[in-house]
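Peer 1: Just dropping this structure here.
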Amino acid sequence: MDGSRNANDKEMCKAERVPVLGVGIDNVDLAEALGKIEEYVKNREPGLVVTANPEIVMLARKAPDFKACLDDALLVTADGVGIVIAARLLGRPLKQRVTGIDLTTALFQQAAAKKYRLYFVGAKPGIAEKAAENISRSYPGIQIVGIQHGYFTDDHEIIEDIIIKKPDILLAALGMGKQEKWIAERVEPAGVPVSIGVGGSFDVFAGEAKRAPKWVQDAGVEWLYRLLRQPSRFWRMLQLPRFLAAVLLSRFFPGK
Ligand code: UDP
C-alpha cells in the first residue's frame, strides 16, 4: 500500500476522534480495535495504542509531553466507564468501552491465530514470566519472543534485544504515563509496529491481582472494587470526580 495514503488515512482517523477534555478517543468497538491493530501490524509503521481512562486524561491535562504521546497514538480506546459517561455528556456517545484487559485478551487470540510475535516488558521480576506462562497455556501457539521486568535503570540491552527479536506487538506494563513515554521515546524508534501500554495487566494475567467479578465490571464500578482492595489508590481515584466536574464545565462553558 502507498505510504502517503496510509499517513492520510491515519490523520483522517485521528480527526474523527471524540475529544474528551482535549484527548481524542476513537469511537471503536472491540472488533474494530482489533481490526485496526491488524492493519497497523501489516503496515509496520511504529506507533502506540492507548486504553484511556479518566486518570490518563487528567494526566494529559497536566503533562504536555504525555498529551503529545496520546495525540500521536495510532489508536486510543475508552477504558473506564468515566470516559463513556463523559462522551455521552458531551453529546458524542461512544459505541463501546474497550478496556486494556479486554483488548489484550482478545488480542492474544488473534496473535495465536496470526502468529504474531509478542514482547512483554514490565511488572516486578518474575511476574511477566508467570503471565506469559498462563497466557501460553490459554492460547496454544502464541509466540512470546521476549520478556523483561519493568524495574530497569538502563534499557539499552532491552532495546537491543527488541531489535533482534523483531516483535510485531510489544506490551509495556510500567504504569500510565511512564509506559507511553518509554514507548514513544525508545520502542517506536526500535521499529516495533504496535506497542500497547497495559498498566497492571501482567499482575492480573499472572494471577497476582484479581479482576472484579463480571457483574461488578458490567455495573461499571470496577474502580470501586479496586479501591476497596487497594485503599492506597484512594488519592489517584479522587481524579474521577475531578474529571467529571471538568467534563461538565467543558460541556456548559466550552471555552474553559
Ligand atoms: N511498574 C514497572 N516499573 C516501574 C513502575 C511500575 O514495571 O518502574 C509496574 C508495576 O509493577 C505494575 C504496573 O507497572 O505491574 C502498574 O500497575 P498499575 O495498576 O498501577 O497501572 P496503572 O493504573 O498506572 O496503569
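Identifiers for the C-alpha cells are assigned positionally: chains receive A, B, ... in sequence, residues are indexed from 1 per chain, and ligands are indexed from 1 in the order shown.
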For Ala190 (chain A), list every protein, DNA or RNA residue within 8 Å, evaluated using only C-alpha atoms, and leave out those in the same chain fewer than 6 positions away; present the list as number ranges by chain.
Peer 2: A: 159, 162-163
Peer 1: Quick one: write out the picked residues with N, CA, C and O atoms as a PDB file, in the first residue's frame?
Peer 2:
```pdb
ATOM      1  N   ILE A 159      16.451  -2.732  24.616  1.00  0.00           N
ATOM      2  CA  ILE A 159      16.173  -2.222  23.256  1.00  0.00           C
ATOM      3  C   ILE A 159      16.919  -3.067  22.213  1.00  0.00           C
ATOM      4  O   ILE A 159      16.365  -3.425  21.178  1.00  0.00           O
ATOM      5  N   ILE A 162      15.034  -6.180  21.731  1.00  0.00           N
ATOM      6  CA  ILE A 162      13.802  -5.929  20.960  1.00  0.00           C
ATOM      7  C   ILE A 162      14.140  -5.843  19.466  1.00  0.00           C
ATOM      8  O   ILE A 162      13.445  -6.411  18.624  1.00  0.00           O
ATOM      9  N   ILE A 163      15.241  -5.166  19.152  1.00  0.00           N
ATOM     10  CA  ILE A 163      15.630  -5.017  17.739  1.00  0.00           C
ATOM     11  C   ILE A 163      15.953  -6.395  17.142  1.00  0.00           C
ATOM     12  O   ILE A 163      15.565  -6.714  16.023  1.00  0.00           O
TER      13      ILE A 163
END
```
Peer 1: Listing only residues of region 187-210 of chain A within 7 Å of region 176-182 of chain A, what is the closest atom pair and its distance in Å (to one decimal) for each, using only C-alpha atoms, sorted by chain and residue number ascending, as a tab-separated table?
Peer 2:
```
residue	atom	partner	partner_atom	distance
A:Val187	CA	A:Trp182	CA	6.8
A:Gly197	CA	A:Gln179	CA	5.7
A:Gly199	CA	A:Met176	CA	5.9
```
Peer 1: For ligand 1, collect every residue having any atom at a distance of at most 10 Å from a ligand atom (counting only C-alpha atoms and all ligand atoms); output as a ChimeraX atom specification.
Peer 2: /A:51-53,55-56,100,121-125,127-128,148-153,172-179,197-204,208-209,226,233,236
Peer 1: Could you take the residues named above and write them with N, CA, C and O atoms, as a compact mmCIF listing (two decimals), in the first residue's frame?
Peer 2:
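The resulting file, part_0.txt, is shown below:
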```
# COMPACT_ATOMS: atom_id res chain seq x y z
N THR A 51 -5.24 2.56 26.01
CA THR A 51 -6.60 2.36 26.51
C THR A 51 -6.77 3.41 27.60
O THR A 51 -6.22 3.29 28.69
N ALA A 52 -7.52 4.46 27.26
CA ALA A 52 -7.53 5.67 28.10
C ALA A 52 -8.64 5.65 29.15
O ALA A 52 -9.79 5.36 28.84
N ASN A 53 -8.26 5.96 30.38
CA ASN A 53 -9.25 6.11 31.45
C ASN A 53 -9.19 7.57 31.95
O ASN A 53 -8.35 8.36 31.50
N GLU A 55 -8.04 8.91 34.57
CA GLU A 55 -6.74 9.30 35.15
C GLU A 55 -5.77 9.69 34.05
O GLU A 55 -4.98 10.63 34.22
N ILE A 56 -5.81 8.97 32.93
CA ILE A 56 -4.92 9.27 31.80
C ILE A 56 -5.26 10.63 31.22
O ILE A 56 -4.37 11.45 30.94
N GLY A 100 -8.28 -2.22 28.64
CA GLY A 100 -6.97 -2.80 28.35
C GLY A 100 -6.99 -4.32 28.47
O GLY A 100 -6.45 -5.02 27.61
N VAL A 121 7.19 -6.25 28.37
CA VAL A 121 8.10 -5.50 29.25
C VAL A 121 7.28 -4.93 30.39
O VAL A 121 6.29 -4.22 30.15
N GLY A 122 7.67 -5.24 31.63
CA GLY A 122 7.01 -4.58 32.75
C GLY A 122 6.69 -5.48 33.92
O GLY A 122 6.88 -6.69 33.85
N ALA A 123 6.24 -4.87 34.99
CA ALA A 123 5.89 -5.51 36.27
C ALA A 123 7.15 -5.97 37.02
O ALA A 123 8.27 -5.89 36.50
N LYS A 124 6.92 -6.47 38.24
CA LYS A 124 8.07 -6.86 39.08
C LYS A 124 8.73 -8.12 38.51
O LYS A 124 8.08 -8.88 37.79
N PRO A 125 10.02 -8.35 38.84
CA PRO A 125 10.70 -9.53 38.29
C PRO A 125 9.88 -10.80 38.53
O PRO A 125 9.35 -11.01 39.62
N ILE A 127 7.00 -11.64 37.32
CA ILE A 127 5.55 -11.52 37.07
C ILE A 127 5.22 -11.69 35.58
O ILE A 127 4.29 -12.44 35.22
N ALA A 128 5.97 -11.01 34.71
CA ALA A 128 5.67 -11.10 33.28
C ALA A 128 5.90 -12.54 32.78
O ALA A 128 5.16 -13.03 31.93
N GLN A 148 10.78 -9.01 29.76
CA GLN A 148 11.68 -8.24 30.62
C GLN A 148 10.86 -7.65 31.76
O GLN A 148 9.73 -7.22 31.53
N HIS A 149 11.45 -7.58 32.96
CA HIS A 149 10.71 -6.92 34.04
C HIS A 149 10.81 -5.40 33.86
O HIS A 149 11.58 -4.90 33.02
N GLY A 150 10.02 -4.67 34.65
CA GLY A 150 9.90 -3.24 34.40
C GLY A 150 10.69 -2.36 35.36
O GLY A 150 10.45 -1.15 35.41
N TYR A 151 11.63 -2.96 36.12
CA TYR A 151 12.38 -2.12 37.08
C TYR A 151 13.83 -1.97 36.64
O TYR A 151 14.75 -2.26 37.39
N PHE A 152 14.00 -1.51 35.39
CA PHE A 152 15.34 -1.33 34.85
C PHE A 152 15.78 0.12 35.02
O PHE A 152 14.94 1.03 35.10
N THR A 153 17.11 0.32 35.11
CA THR A 153 17.61 1.69 35.15
C THR A 153 18.21 2.05 33.79
O THR A 153 18.13 3.18 33.35
N ALA A 172 3.71 -3.00 27.16
CA ALA A 172 4.53 -2.38 28.21
C ALA A 172 3.66 -2.12 29.43
O ALA A 172 2.64 -1.42 29.35
N ALA A 173 4.07 -2.71 30.56
CA ALA A 173 3.31 -2.56 31.82
C ALA A 173 4.21 -1.85 32.83
O ALA A 173 4.80 -2.47 33.70
N LEU A 174 4.33 -0.53 32.66
CA LEU A 174 5.21 0.25 33.55
C LEU A 174 4.41 1.28 34.35
O LEU A 174 5.00 2.09 35.06
N GLY A 175 3.09 1.24 34.22
CA GLY A 175 2.25 2.27 34.85
C GLY A 175 1.98 3.39 33.85
O GLY A 175 2.81 3.66 32.96
N MET A 176 0.81 4.00 34.00
CA MET A 176 0.41 5.01 33.00
C MET A 176 1.38 6.19 32.99
O MET A 176 1.95 6.54 34.03
N GLY A 177 1.56 6.77 31.86
CA GLY A 177 2.48 7.90 31.73
C GLY A 177 3.87 7.40 31.39
O GLY A 177 4.37 7.63 30.30
N LYS A 178 4.43 6.65 32.32
CA LYS A 178 5.80 6.15 32.13
C LYS A 178 5.85 5.23 30.90
O LYS A 178 6.75 5.37 30.06
N GLN A 179 4.88 4.31 30.79
CA GLN A 179 4.92 3.33 29.70
C GLN A 179 4.72 4.00 28.33
O GLN A 179 5.41 3.65 27.37
N GLY A 197 0.34 0.23 26.02
CA GLY A 197 0.54 0.40 27.45
C GLY A 197 -0.55 -0.36 28.18
O GLY A 197 -1.73 -0.12 27.96
N VAL A 198 -0.14 -1.32 29.03
CA VAL A 198 -1.15 -2.20 29.63
C VAL A 198 -1.21 -2.10 31.16
O VAL A 198 -1.84 -2.94 31.80
N GLY A 199 -0.59 -1.06 31.74
CA GLY A 199 -0.73 -0.83 33.20
C GLY A 199 -0.46 -2.06 34.04
O GLY A 199 0.58 -2.70 33.91
N GLY A 200 -1.41 -2.40 34.89
CA GLY A 200 -1.22 -3.53 35.80
C GLY A 200 -1.65 -4.88 35.24
O GLY A 200 -1.85 -5.83 36.01
N SER A 201 -1.78 -4.99 33.91
CA SER A 201 -2.35 -6.23 33.33
C SER A 201 -1.51 -7.48 33.59
O SER A 201 -2.06 -8.57 33.77
N PHE A 202 -0.17 -7.35 33.59
CA PHE A 202 0.65 -8.56 33.81
C PHE A 202 0.36 -9.14 35.19
O PHE A 202 0.36 -10.36 35.37
N ASP A 203 0.13 -8.24 36.16
CA ASP A 203 -0.20 -8.73 37.51
C ASP A 203 -1.50 -9.54 37.47
O ASP A 203 -1.63 -10.55 38.16
N VAL A 204 -2.45 -9.09 36.65
CA VAL A 204 -3.73 -9.80 36.53
C VAL A 204 -3.51 -11.13 35.81
O VAL A 204 -3.93 -12.19 36.29
N GLU A 208 -1.69 -12.48 40.17
CA GLU A 208 -1.28 -11.76 41.38
C GLU A 208 -2.34 -10.74 41.80
O GLU A 208 -2.47 -10.41 42.96
N ALA A 209 -3.04 -10.18 40.83
CA ALA A 209 -4.10 -9.21 41.14
C ALA A 209 -5.38 -9.70 40.47
O ALA A 209 -5.35 -10.09 39.30
N ARG A 226 -11.55 -2.04 43.03
CA ARG A 226 -10.08 -1.89 43.14
C ARG A 226 -9.74 -1.02 44.33
O ARG A 226 -8.78 -1.25 45.03
N ARG A 233 -4.95 3.39 46.53
CA ARG A 233 -5.30 4.05 45.27
C ARG A 233 -6.24 5.24 45.50
O ARG A 233 -6.62 5.91 44.54
N ARG A 236 -5.39 8.57 43.96
CA ARG A 236 -5.48 8.53 42.50
C ARG A 236 -6.93 8.59 42.06
O ARG A 236 -7.27 9.22 41.07
```
Peer 1: Can I get the residues of region 13-115 of chain A within 12 Å of region 212-222 of chain A, each with the closest pair of atoms and their distance in Å to one decimal, using only C-alpha atoms, sorted chain first then ascending number, as a tab-separated table?
Peer 2:
```
residue	atom	partner	partner_atom	distance
A:Asp79	CA	A:Gly220	CA	10.8
A:Gly80	CA	A:Gly220	CA	7.8
A:Val81	CA	A:Gly220	CA	5.8
A:Gly82	CA	A:Gly220	CA	8.7
A:Ile83	CA	A:Gly220	CA	11.2
A:Val84	CA	A:Gly220	CA	10.1
A:Ile85	CA	A:Gly220	CA	10.3
A:Arg97	CA	A:Gly220	CA	10.0
A:Thr99	CA	A:Gln217	CA	10.5
A:Ile101	CA	A:Gln217	CA	11.6
A:Asp102	CA	A:Gln217	CA	11.2
```
Peer 1: Write out as a list in words the set of residues from region 62-243 of chain A that DSSP, computed on the backbone, places in strand (DSSP E).
Peer 2: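 The strand (DSSP E) subset of region 62-243 of chain A is Leu75, Val76, Thr77, Ala78, Arg117, Leu118, Tyr119, Phe120, Val121, Gly122, Gln143, Ile144, Val145, Gly146, Ile147, Gln148, Ile169, Leu170, Leu171, Ala172, Ala173, Val194, Ser195, Ile196 and Gly197 of chain A.
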Peer 1: Smallest atom-to-atom distance to Phe205 (chain A): which of A:Cys13, A:Leu90, A:Ala132, A:Leu170, using only C-alpha atoms?
Peer 2: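 Looking only at the distances to Phe205 (chain A), the closest residue turns out to be A:Ala132.
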Peer 1: Given only C-alpha atoms as the basis, pick out the residue of A:Tyr40, A:Ala206, A:Glu188, A:Asp29 nearest to Gly126 (chain A).
Peer 2: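 Distance minimum relative to Gly126 (chain A) lands on A:Ala206.
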Peer 1: Out of A:Phe243, A:Leu94, A:Lys115, A:Lys166, which residue has the shortest atom-to-atom distance to Ala60 (chain A) when counting only C-alpha atoms?
Peer 2: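 So, comparing all the options, the nearest one is A:Phe243.
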